[in-house]
Amino acid sequence: MNKIVTIERHILEKQKKYPGATGVFTNLLYDMALAAKLISREILRAGLIDILGAAGEENVYGEQQQKLDVFADETIFKLNDHTGRLCAMASEEHEDIIQIPPHFDSGKYILLYDPLDGSSNIDVDAPVGTIFAIHRKITEGPHGTMTDMLQSGRSLAAAGYVIYGSSTIMVYSTGQGVHGFTLDRTVGEFFLSHDNIRIPATPTYYSCNPGYEKYWTPGVRRYHKWLQGIEGEGRKPLGQRYIGTMVADFHRNLLKGGIYFYPGDLQNPAKPQGKLRLMFEAQAMAFLVEQAGGYASDGLGNILDIRPHDLHQRVPMFIGNRELVEQAEQYIQQYDQEWCDAYRPIRDRQPMFTP
Ligand code: AHG
Ligand code: MN
Ligand code: MN
């Protein structure tokens, strides 16, 4: 019989490598695993107990919120508000920082999360996900502040995601490789199934929404043709796969090799920065891909180096095999000067908040 490694055992064994570790961080990851189990159960039951459909509220982006978004959001908050491990949280579904209720202890970590990624897929039984990122508190004082939130991806203490697909899998990294655990529903436990994931050197797929090609910049359009083997040196075409849940598209490309991209949009001059959220989606995935040997760029440079200025800022994203992402950067540099000039000042904006 092979060694049986639960997520708890794995986290504890990693912790042993840090003599000063208090276990706080270990428990924090375990709380996320528990949240994942509860969300997974609710997703499975969703079709049966008529909780599908919009909750009748709009989130901070003006998008219709689904009931499962609310459930996932509240579950993650409730499992983490009282533990004394966090000093604040932020969720894609809330405009402001979520403070720890005053009657609970405050801790030394910050949690940022996208409770349900790919929520438009809920009604059609396609995979959805959860994304989380953990930063250390860097300011003095008992409460988490915007300064603690708006750290660059380079400073991440940990990040991960959960994919609720044909299996529920939790993938995380604390900066020592990327590890995946599959939920065994019969015993309610996550077991190590993907140890030390490395993105394969030979890519298989590319993922984007070509329905919006009309809005893409000339460089991105050419790059798309390059992926298809039409433009450039005539490479062997990659297969195209797109679910519309970044977690699921990323997970596939992480295991099979490839690239996911959601570019900036020049047709909408008010929004040249694409759709994905830097703090709730892009940073975590950029951290994971780098740990797995890949690369994530906004077209100009490494997403992990972007200094955030707004909790809800958006960012163009090219993520996957380094060679494919660097090729995208080259096309953008060569053909998209107009877009670069529009986007760069947004990227380099100074934070507008009182720390
Ligand atoms: P969310 O459901 O958290 O709002 O995120 C959806 C995101 C991302 O996961 C996905 O890849 C992308 O939106 C899909 O957007 P399009 O429908 O525009 O392709
Ligand atoms: Mn999302
Ligand atoms: Mn979401």
# chains A, B, ... in the order shown; residues from 1 in each chain; ligands from 1
>>> residues_near_ligand(ligand="ligand 2", cutoff="8 Å", atoms="only C-alpha atoms and all ligand atoms", output="ChimeraX atom specification")
/A:92,114-119,129-131,245-247,276-277,280-281
>>> residues_around(residues="segment 296-300 of chain A", least_positions_apart="3", cutoff="10 Å", atoms="only C-alpha atoms", output="number ranges by chain")
A: 220, 259-264, 273-274, 278, 282-283, 285-290, 303-306, 315-322, 325-333, 336, 340, 343-344, 347
>>> atom_distance(atom1="atom CA of Glu189 of chain A", atom2="atom CA of Ser40 of chain A")
12.0 Å
>>> select_by_dssp(residues="segment 105-348 of chain A", states="strand (DSSP E or B)", output="PDB file with C-alpha atoms, in the first residue's frame")
ATOM      1  CA  TYR A 109      -2.522  37.031   8.186  1.00  0.00           C
ATOM      2  CA  ILE A 110      -4.739  38.514   5.473  1.00  0.00           C
ATOM      3  CA  LEU A 111      -7.027  36.357   3.344  1.00  0.00           C
ATOM      4  CA  LEU A 112      -8.219  37.417  -0.113  1.00  0.00           C
ATOM      5  CA  TYR A 113     -10.622  35.204  -2.011  1.00  0.00           C
ATOM      6  CA  ASP A 114     -12.853  34.706  -5.013  1.00  0.00           C
ATOM      7  CA  PRO A 115     -15.476  32.480  -3.381  1.00  0.00           C
ATOM      8  CA  LEU A 116     -16.949  31.143  -6.591  1.00  0.00           C
ATOM      9  CA  ASP A 117     -15.068  31.492  -9.840  1.00  0.00           C
ATOM     10  CA  VAL A 128     -16.597  26.129 -10.940  1.00  0.00           C
ATOM     11  CA  GLY A 129     -13.863  27.032  -8.471  1.00  0.00           C
ATOM     12  CA  THR A 130     -12.635  28.949  -5.440  1.00  0.00           C
ATOM     13  CA  ILE A 131      -9.411  30.992  -5.399  1.00  0.00           C
ATOM     14  CA  PHE A 132      -7.575  32.175  -2.294  1.00  0.00           C
ATOM     15  CA  ALA A 133      -4.448  34.137  -1.463  1.00  0.00           C
ATOM     16  CA  ILE A 134      -2.771  34.682   1.896  1.00  0.00           C
ATOM     17  CA  HIS A 135      -0.538  37.623   2.764  1.00  0.00           C
ATOM     18  CA  ARG A 136       1.239  38.397   6.024  1.00  0.00           C
ATOM     19  CA  ALA A 158       0.439  31.036   0.192  1.00  0.00           C
ATOM     20  CA  ALA A 159      -2.157  30.702  -2.529  1.00  0.00           C
ATOM     21  CA  GLY A 160      -4.425  28.044  -3.876  1.00  0.00           C
ATOM     22  CA  TYR A 161      -7.621  27.114  -5.611  1.00  0.00           C
ATOM     23  CA  VAL A 162     -10.295  24.494  -5.472  1.00  0.00           C
ATOM     24  CA  ILE A 163     -11.860  23.065  -8.599  1.00  0.00           C
ATOM     25  CA  TYR A 164     -15.341  21.611  -8.239  1.00  0.00           C
ATOM     26  CA  THR A 168     -13.161  18.251  -6.122  1.00  0.00           C
ATOM     27  CA  ILE A 169      -9.455  19.038  -6.044  1.00  0.00           C
ATOM     28  CA  MET A 170      -7.619  21.534  -3.872  1.00  0.00           C
ATOM     29  CA  VAL A 171      -4.294  22.813  -5.161  1.00  0.00           C
ATOM     30  CA  TYR A 172      -2.039  24.998  -3.041  1.00  0.00           C
ATOM     31  CA  SER A 173       1.467  26.307  -2.638  1.00  0.00           C
ATOM     32  CA  HIS A 179       0.481  20.186  -4.537  1.00  0.00           C
ATOM     33  CA  GLY A 180      -2.979  18.853  -5.364  1.00  0.00           C
ATOM     34  CA  PHE A 181      -5.401  16.899  -3.167  1.00  0.00           C
ATOM     35  CA  THR A 182      -8.517  15.081  -4.302  1.00  0.00           C
ATOM     36  CA  LEU A 183     -11.581  14.943  -2.071  1.00  0.00           C
ATOM     37  CA  ASP A 184     -12.775  11.447  -1.221  1.00  0.00           C
ATOM     38  CA  GLU A 189     -11.085  13.850   3.359  1.00  0.00           C
ATOM     39  CA  PHE A 190      -8.638  15.374   0.880  1.00  0.00           C
ATOM     40  CA  PHE A 191      -5.826  12.989  -0.124  1.00  0.00           C
ATOM     41  CA  LEU A 192      -2.587  13.896  -1.893  1.00  0.00           C
ATOM     42  CA  SER A 193      -3.130  13.026  -5.560  1.00  0.00           C
ATOM     43  CA  HIS A 194      -0.831  15.447  -7.417  1.00  0.00           C
ATOM     44  CA  TYR A 205      -3.911  23.555 -25.196  1.00  0.00           C
ATOM     45  CA  TYR A 206      -4.632  27.236 -25.362  1.00  0.00           C
ATOM     46  CA  SER A 207      -7.659  28.812 -23.680  1.00  0.00           C
ATOM     47  CA  GLY A 239      -5.876  22.494 -29.328  1.00  0.00           C
ATOM     48  CA  GLN A 240      -8.344  25.086 -28.069  1.00  0.00           C
ATOM     49  CA  GLY A 258      -0.624  25.416 -22.394  1.00  0.00           C
ATOM     50  CA  ILE A 259      -1.765  28.991 -21.931  1.00  0.00           C
ATOM     51  CA  TYR A 260      -4.876  30.788 -20.702  1.00  0.00           C
ATOM     52  CA  PHE A 261      -5.312  34.422 -21.647  1.00  0.00           C
ATOM     53  CA  TYR A 262      -7.822  37.181 -21.058  1.00  0.00           C
ATOM     54  CA  LEU A 276      -9.784  39.423 -14.273  1.00  0.00           C
ATOM     55  CA  ARG A 277      -9.196  40.775 -10.790  1.00  0.00           C
ATOM     56  CA  TYR A 295       4.888  32.272 -15.969  1.00  0.00           C
ATOM     57  CA  ALA A 296       2.083  34.854 -15.777  1.00  0.00           C
ATOM     58  CA  SER A 297       2.193  38.253 -17.458  1.00  0.00           C
ATOM     59  CA  ASN A 302       5.327  39.622 -14.496  1.00  0.00           C
ATOM     60  CA  ARG A 314      -8.444  44.373 -13.108  1.00  0.00           C
ATOM     61  CA  VAL A 315      -5.524  43.049 -15.053  1.00  0.00           C
ATOM     62  CA  MET A 317      -3.652  37.967 -18.013  1.00  0.00           C
ATOM     63  CA  PHE A 318      -1.501  35.541 -19.998  1.00  0.00           C
ATOM     64  CA  ILE A 319      -0.642  32.487 -17.910  1.00  0.00           C
ATOM     65  CA  GLY A 320       0.903  29.102 -18.577  1.00  0.00           C
TER      66      GLY A 320
END
